[in-house]
Amino acid sequence: MKIIYKLVLLLLFLSVNTNAQNTPAPIKLIDILLTASHPDWNYKLNEEATVKISVLRYGSAVENVEIEYQYGPEQLAPEKKGTLKLTHGIGEINIGTMNTPGFRQLKVQTKIDGYVYKNEIKVGFAPFEIQPTVKMPNDFDHFWEKAKAENSKIPMDAIITHKPELSTPTVDVYLVRLQNYKLGHYLYGYLSKPKDDKKHPVLFNPPGAGVKKINPITSYADDGFISFTTEIHGVSPEINETDFQEIRKQLTDYWAIHLDNKDNYYYKSVYLSCVRAIDFLTSLPEFDQKNVVVTGGSQGGALTMVTAGIDKRVNCIAAFYPALCDNSGYLHDRAGGWPHMFSDKYKNNNAEKLQTMEYYDVVNFAKKIKIPGFYSSGYNDNTCPPTSTLSAFNSVKAPKEIVITPISAHWRFGETNTQSIKWLREKCGIQ
């Protein structure tokens with residue numbers, strides 16, 4: 001396993017906006033800079049971690065400022081809360097240690113001129129020793145082989161429509177409709193193909209979470225792949241807005257639909273749609289007959305790993321901060337993955353729901369992966385907490401390269417994305 005740490009020193013890095021899926025915040029007048037005492041943000045078990053706090057205005061320390069702080073295990077109730085006065089705008093807090101692998105989290109805030117400014121940081125304790133809490137069902141392989149066999153009997157019934165208005169000078173774009181899971185149940189996606197009449201590797205790009213209209217992505221085709229970007233809910237991107245909003249309403253918390261029934265759980269059709277996407281891509285005459293790639297982030301990262309674990313035609317993947325990892329973590333006093341279904345918020349911890357999730361947790365698919373993978377995550381991610389994502393990464397026994405950008409929340413830097421594409425191109429022999 002190759003582990004790369006990218007320590008990005010951003011003097012104007014801002015507070016995490018957790019209400020916006022942890023996207024980077026805009027520039028603010030006041031910055032709170034949190035600096036871990038270890039430059040890679042990693043600590044040994046039973047080693048205490050300290051964090052330097054700098055409150056800055058225009059890059060200079062703010063005098064005589066008071067901060068509120070709280071710290072404890074990642075995503076759980078804080079162990080300690082308090083206040084600290086920073087005479088010269090700089091101070092330090094010891095946030096404690098852990099005797100088992102995992103993460104601790106520090107949150108700070110201050111009020112200046114009537115405005116509240118916040119930031120947070122998570123540090124890892126033996127993070128690459130984190131093991132999952134979810135169990136592997138004895139009939140896991142049988143369950144999914146049976147599901148795939150049943151799905152293979154459903155005709156693909158592909159309808160492919162050229163979209164010149166969405167195409168570019170170098171890439172042809174097509175809207176695709178595929179039948180999946182049940183007769184009359186469809187999956188939509190945009191196919192992007194290089195305009196060169198050559199054979200190419202195929203790339204499946206599953207979506208992030210939510211109910212939204214998909215857009216074509218032509219950049220993968222410009223990088224030498226025939227790509228297929230899909231949705232998961234059977235929603236055509238050409239649906240009228242009124243009908244679309246009604247579907248969105250019906251699919252609120254879709255991840256919870258039939259969670260107490262492993263045979264009818266919502267994600268069963270979703271996972272099988274990933275196999276159906278590979279069916280479609282490998283049927284294309286322009287497929288090079290060798291290279292099948294999957295890449296995505298968040299829910300798309302989860303589906304990337306699921307596809308690799310369930311479909312032997314895939315030969316390399318790039319997965320970013322995957323969701324649906326070690327969902328039962330909250331029942332073992334640590335963070336679980338998105339959608340946090342077993343956290344106190346949802347009260348889902350009954351036997352049927354726990355048993356169902358064992359068949360769908362990404363960790364159990366990670367254990368089945370046999371192909372090379374590029375993985376990436378950030379420590380400051382609250383949507384897909386690192387305790388959960390690393391439990392899946394650590395479960396992969398196949399060759400893997402892991403890029404950790406500790407400062408990242410639920411997003412990735414352009415440099416990391418570029419690195420993943422370069423890695424995929426090399427694996428597929430694209431010059």
# chains A, B, ... in the order shown; residues from 1 in each chain; ligands from 1
>>> closest_atom_pairs(of="segment 376-428 of chain A", to="segment 96-103 of chain A", cutoff="10 Å", atoms="only C-alpha atoms", output="Markdown table")
| residue | atom | partner | partner_atom | distance |
| --- | --- | --- | --- | --- |
| A:Tyr379 | CA | A:Phe103 | CA | 8.5 |
| A:Pro385 | CA | A:Phe103 | CA | 9.1 |
| A:Pro386 | CA | A:Phe103 | CA | 7.6 |
| A:Thr387 | CA | A:Gly102 | CA | 5.9 |
| A:Ser388 | CA | A:Gly102 | CA | 9.4 |
| A:Leu390 | CA | A:Gly102 | CA | 9.3 |
| A:Ser391 | CA | A:Gly102 | CA | 9.6 |
>>> write_last_selection(atoms="all heavy atoms", output="compact mmCIF listing (two decimals), in the first residue's frame")
# COMPACT_ATOMS: atom_id res chain seq x y z
N TYR A 379 -9.35 14.43 6.23
CA TYR A 379 -9.69 14.21 7.63
C TYR A 379 -10.83 15.10 8.12
O TYR A 379 -11.54 14.75 9.06
CB TYR A 379 -8.46 14.43 8.50
CG TYR A 379 -7.43 13.32 8.45
CD1 TYR A 379 -6.23 13.43 9.15
CD2 TYR A 379 -7.64 12.17 7.69
CE1 TYR A 379 -5.27 12.43 9.10
CE2 TYR A 379 -6.69 11.16 7.64
CZ TYR A 379 -5.50 11.30 8.36
OH TYR A 379 -4.55 10.30 8.31
N PRO A 385 -17.15 10.67 7.32
CA PRO A 385 -16.06 10.82 8.28
C PRO A 385 -14.90 9.85 8.01
O PRO A 385 -15.12 8.71 7.57
CB PRO A 385 -16.73 10.50 9.63
CG PRO A 385 -18.19 10.73 9.39
CD PRO A 385 -18.43 10.35 7.97
N PRO A 386 -13.67 10.29 8.28
CA PRO A 386 -12.52 9.44 7.98
C PRO A 386 -12.50 8.12 8.75
O PRO A 386 -11.94 7.15 8.26
CB PRO A 386 -11.33 10.33 8.34
CG PRO A 386 -11.86 11.38 9.26
CD PRO A 386 -13.27 11.61 8.82
N THR A 387 -13.10 8.08 9.94
CA THR A 387 -13.18 6.79 10.64
C THR A 387 -13.89 5.77 9.77
O THR A 387 -13.51 4.60 9.69
CB THR A 387 -13.94 6.95 11.97
OG1 THR A 387 -13.22 7.84 12.82
CG2 THR A 387 -14.06 5.61 12.68
N SER A 388 -14.94 6.22 9.07
CA SER A 388 -15.71 5.30 8.23
C SER A 388 -14.99 5.00 6.92
O SER A 388 -14.90 3.83 6.51
CB SER A 388 -17.10 5.88 7.96
OG SER A 388 -17.06 7.01 7.10
N LEU A 390 -11.81 5.19 6.17
CA LEU A 390 -10.58 4.41 6.36
C LEU A 390 -10.87 2.98 6.77
O LEU A 390 -10.07 2.08 6.50
CB LEU A 390 -9.67 5.10 7.36
CG LEU A 390 -8.91 6.31 6.78
CD1 LEU A 390 -8.25 7.13 7.86
CD2 LEU A 390 -7.87 5.84 5.77
N SER A 391 -12.01 2.74 7.40
CA SER A 391 -12.36 1.35 7.71
C SER A 391 -12.57 0.57 6.42
O SER A 391 -12.27 -0.62 6.35
CB SER A 391 -13.62 1.29 8.57
OG SER A 391 -14.78 1.65 7.84
>>> residues_around(residues="segment 168-178 of chain A", least_positions_apart="3", cutoff="9 Å", atoms="only C-alpha atoms", output="PyMOL selection string")
chain A and resi 155-165+185-196+216-219+221-222+228+230+234+236-237+273+276-277+280
>>> atom_distance(atom1="atom CA of Ala366 of chain A", atom2="atom CA of Pro322 of chain A")
10.8 Å
>>> closest_residue(among="A:Glu120, A:Val292, A:Pro372, A:Pro406", to="Asn42 of chain A", atoms="only C-alpha atoms")
A:Pro406
>>> closest_residue(among="A:Ser283, A:Gln250, A:Thr87, A:Gln419", to="Val62 of chain A", atoms="only C-alpha atoms")
A:Thr87
>>> closest_residue(among="A:Glu426, A:Asp31, A:Asp381, A:Glu401", to="Glu74 of chain A", atoms="only C-alpha atoms")
A:Asp381
>>> residues_around(residues="Leu56 of chain A", least_positions_apart="6", cutoff="10 Å", atoms="only C-alpha atoms", output="PDB file with all heavy atoms, in the first residue's frame")
ATOM      1  N   LEU A  11      -2.907  29.725   4.369  1.00  0.00           N
ATOM      2  CA  LEU A  11      -2.997  30.708   5.436  1.00  0.00           C
ATOM      3  C   LEU A  11      -4.377  31.338   5.515  1.00  0.00           C
ATOM      4  O   LEU A  11      -4.773  31.844   6.563  1.00  0.00           O
ATOM      5  CB  LEU A  11      -1.938  31.803   5.232  1.00  0.00           C
ATOM      6  CG  LEU A  11      -0.493  31.337   5.406  1.00  0.00           C
ATOM      7  CD1 LEU A  11       0.461  32.488   5.159  1.00  0.00           C
ATOM      8  CD2 LEU A  11      -0.273  30.759   6.786  1.00  0.00           C
ATOM      9  N   LEU A  12      -5.105  31.289   4.383  1.00  0.00           N
ATOM     10  CA  LEU A  12      -6.441  31.868   4.385  1.00  0.00           C
ATOM     11  C   LEU A  12      -7.511  30.799   4.279  1.00  0.00           C
ATOM     12  O   LEU A  12      -8.605  31.033   3.799  1.00  0.00           O
ATOM     13  CB  LEU A  12      -6.585  32.883   3.239  1.00  0.00           C
ATOM     14  CG  LEU A  12      -5.720  34.131   3.381  1.00  0.00           C
ATOM     15  CD1 LEU A  12      -5.913  35.031   2.176  1.00  0.00           C
ATOM     16  CD2 LEU A  12      -6.060  34.882   4.644  1.00  0.00           C
ATOM     17  N   LEU A  29     -13.161  38.019   6.621  1.00  0.00           N
ATOM     18  CA  LEU A  29     -12.249  38.994   7.221  1.00  0.00           C
ATOM     19  C   LEU A  29     -11.419  38.375   8.327  1.00  0.00           C
ATOM     20  O   LEU A  29     -10.266  38.751   8.535  1.00  0.00           O
ATOM     21  CB  LEU A  29     -13.037  40.184   7.777  1.00  0.00           C
ATOM     22  CG  LEU A  29     -13.718  41.086   6.750  1.00  0.00           C
ATOM     23  CD1 LEU A  29     -14.570  42.137   7.464  1.00  0.00           C
ATOM     24  CD2 LEU A  29     -12.672  41.754   5.872  1.00  0.00           C
ATOM     25  N   ILE A  30     -12.016  37.436   9.074  1.00  0.00           N
ATOM     26  CA  ILE A  30     -11.344  36.796  10.204  1.00  0.00           C
ATOM     27  C   ILE A  30     -11.159  35.317   9.882  1.00  0.00           C
ATOM     28  O   ILE A  30     -12.090  34.629   9.480  1.00  0.00           O
ATOM     29  CB  ILE A  30     -12.153  36.938  11.500  1.00  0.00           C
ATOM     30  CG1 ILE A  30     -12.420  38.410  11.824  1.00  0.00           C
ATOM     31  CG2 ILE A  30     -11.441  36.236  12.656  1.00  0.00           C
ATOM     32  CD1 ILE A  30     -11.171  39.214  12.136  1.00  0.00           C
ATOM     33  N   ASP A  31      -9.943  34.836  10.061  1.00  0.00           N
ATOM     34  CA  ASP A  31      -9.642  33.425   9.853  1.00  0.00           C
ATOM     35  C   ASP A  31      -9.200  32.795  11.160  1.00  0.00           C
ATOM     36  O   ASP A  31      -8.487  33.422  11.956  1.00  0.00           O
ATOM     37  CB  ASP A  31      -8.507  33.256   8.830  1.00  0.00           C
ATOM     38  CG  ASP A  31      -8.851  33.874   7.496  1.00  0.00           C
ATOM     39  OD1 ASP A  31      -9.990  33.707   7.062  1.00  0.00           O
ATOM     40  OD2 ASP A  31      -7.976  34.532   6.906  1.00  0.00           O
ATOM     41  N   ILE A  32      -9.628  31.554  11.369  1.00  0.00           N
ATOM     42  CA  ILE A  32      -9.112  30.770  12.493  1.00  0.00           C
ATOM     43  C   ILE A  32      -8.271  29.649  11.894  1.00  0.00           C
ATOM     44  O   ILE A  32      -8.801  28.761  11.222  1.00  0.00           O
ATOM     45  CB  ILE A  32     -10.252  30.185  13.344  1.00  0.00           C
ATOM     46  CG1 ILE A  32     -11.163  31.294  13.870  1.00  0.00           C
ATOM     47  CG2 ILE A  32      -9.672  29.381  14.514  1.00  0.00           C
ATOM     48  CD1 ILE A  32     -12.366  30.789  14.634  1.00  0.00           C
ATOM     49  N   LEU A  33      -6.991  29.704  12.104  1.00  0.00           N
ATOM     50  CA  LEU A  33      -6.074  28.706  11.570  1.00  0.00           C
ATOM     51  C   LEU A  33      -5.756  27.691  12.659  1.00  0.00           C
ATOM     52  O   LEU A  33      -5.319  28.052  13.757  1.00  0.00           O
ATOM     53  CB  LEU A  33      -4.789  29.385  11.082  1.00  0.00           C
ATOM     54  CG  LEU A  33      -3.737  28.479  10.442  1.00  0.00           C
ATOM     55  CD1 LEU A  33      -4.272  27.870   9.159  1.00  0.00           C
ATOM     56  CD2 LEU A  33      -2.452  29.248  10.169  1.00  0.00           C
ATOM     57  N   VAL A  62      -5.047  38.621  15.844  1.00  0.00           N
ATOM     58  CA  VAL A  62      -6.001  39.506  16.511  1.00  0.00           C
ATOM     59  C   VAL A  62      -5.705  39.497  18.001  1.00  0.00           C
ATOM     60  O   VAL A  62      -5.677  38.434  18.632  1.00  0.00           O
ATOM     61  CB  VAL A  62      -7.453  39.029  16.240  1.00  0.00           C
ATOM     62  CG1 VAL A  62      -8.449  39.923  16.971  1.00  0.00           C
ATOM     63  CG2 VAL A  62      -7.739  39.015  14.748  1.00  0.00           C
ATOM     64  N   GLU A  63      -5.476  40.656  18.590  1.00  0.00           N
ATOM     65  CA  GLU A  63      -5.119  40.755  20.007  1.00  0.00           C
ATOM     66  C   GLU A  63      -6.343  40.547  20.907  1.00  0.00           C
ATOM     67  O   GLU A  63      -7.466  40.924  20.569  1.00  0.00           O
ATOM     68  CB  GLU A  63      -4.508  42.128  20.300  1.00  0.00           C
ATOM     69  CG  GLU A  63      -3.237  42.435  19.521  1.00  0.00           C
ATOM     70  CD  GLU A  63      -2.042  41.623  19.992  1.00  0.00           C
ATOM     71  OE1 GLU A  63      -1.967  41.335  21.216  1.00  0.00           O
ATOM     72  OE2 GLU A  63      -1.195  41.259  19.169  1.00  0.00           O
ATOM     73  N   GLY A  89      -3.563  36.558  20.084  1.00  0.00           N
ATOM     74  CA  GLY A  89      -4.209  35.906  18.946  1.00  0.00           C
ATOM     75  C   GLY A  89      -3.749  34.496  18.673  1.00  0.00           C
ATOM     76  O   GLY A  89      -4.156  33.890  17.677  1.00  0.00           O
ATOM     77  N   ILE A  90      -2.899  33.945  19.550  1.00  0.00           N
ATOM     78  CA  ILE A  90      -2.356  32.600  19.333  1.00  0.00           C
ATOM     79  C   ILE A  90      -2.416  31.817  20.640  1.00  0.00           C
ATOM     80  O   ILE A  90      -2.109  32.349  21.712  1.00  0.00           O
ATOM     81  CB  ILE A  90      -0.904  32.656  18.826  1.00  0.00           C
ATOM     82  CG1 ILE A  90      -0.856  33.355  17.461  1.00  0.00           C
ATOM     83  CG2 ILE A  90      -0.302  31.258  18.706  1.00  0.00           C
ATOM     84  CD1 ILE A  90       0.538  33.575  16.925  1.00  0.00           C
TER      85      ILE A  90
END
>>> select_by_dssp(residues="segment 214-247 of chain A", states="alpha helix (DSSP H)", output="mmCIF file with C-alpha atoms, in the first residue's frame")
data_model
loop_
_atom_site.group_PDB
_atom_site.id
_atom_site.type_symbol
_atom_site.label_atom_id
_atom_site.label_comp_id
_atom_site.auth_asym_id
_atom_site.auth_seq_id
_atom_site.Cartn_x
_atom_site.Cartn_y
_atom_site.Cartn_z
ATOM 1 C CA SER A 219 -13.606 15.701 -19.709
ATOM 2 C CA TYR A 220 -13.146 11.933 -19.345
ATOM 3 C CA ALA A 221 -13.573 11.526 -23.102
ATOM 4 C CA ASP A 222 -10.997 14.243 -23.672
ATOM 5 C CA GLU A 241 -39.520 20.585 -13.439
ATOM 6 C CA THR A 242 -42.925 19.953 -11.827
ATOM 7 C CA ASP A 243 -42.623 16.175 -12.127
ATOM 8 C CA PHE A 244 -39.003 16.297 -11.032
ATOM 9 C CA GLN A 245 -39.820 18.166 -7.820
ATOM 10 C CA GLU A 246 -42.574 15.659 -7.042
ATOM 11 C CA ILE A 247 -40.104 12.775 -7.413
#
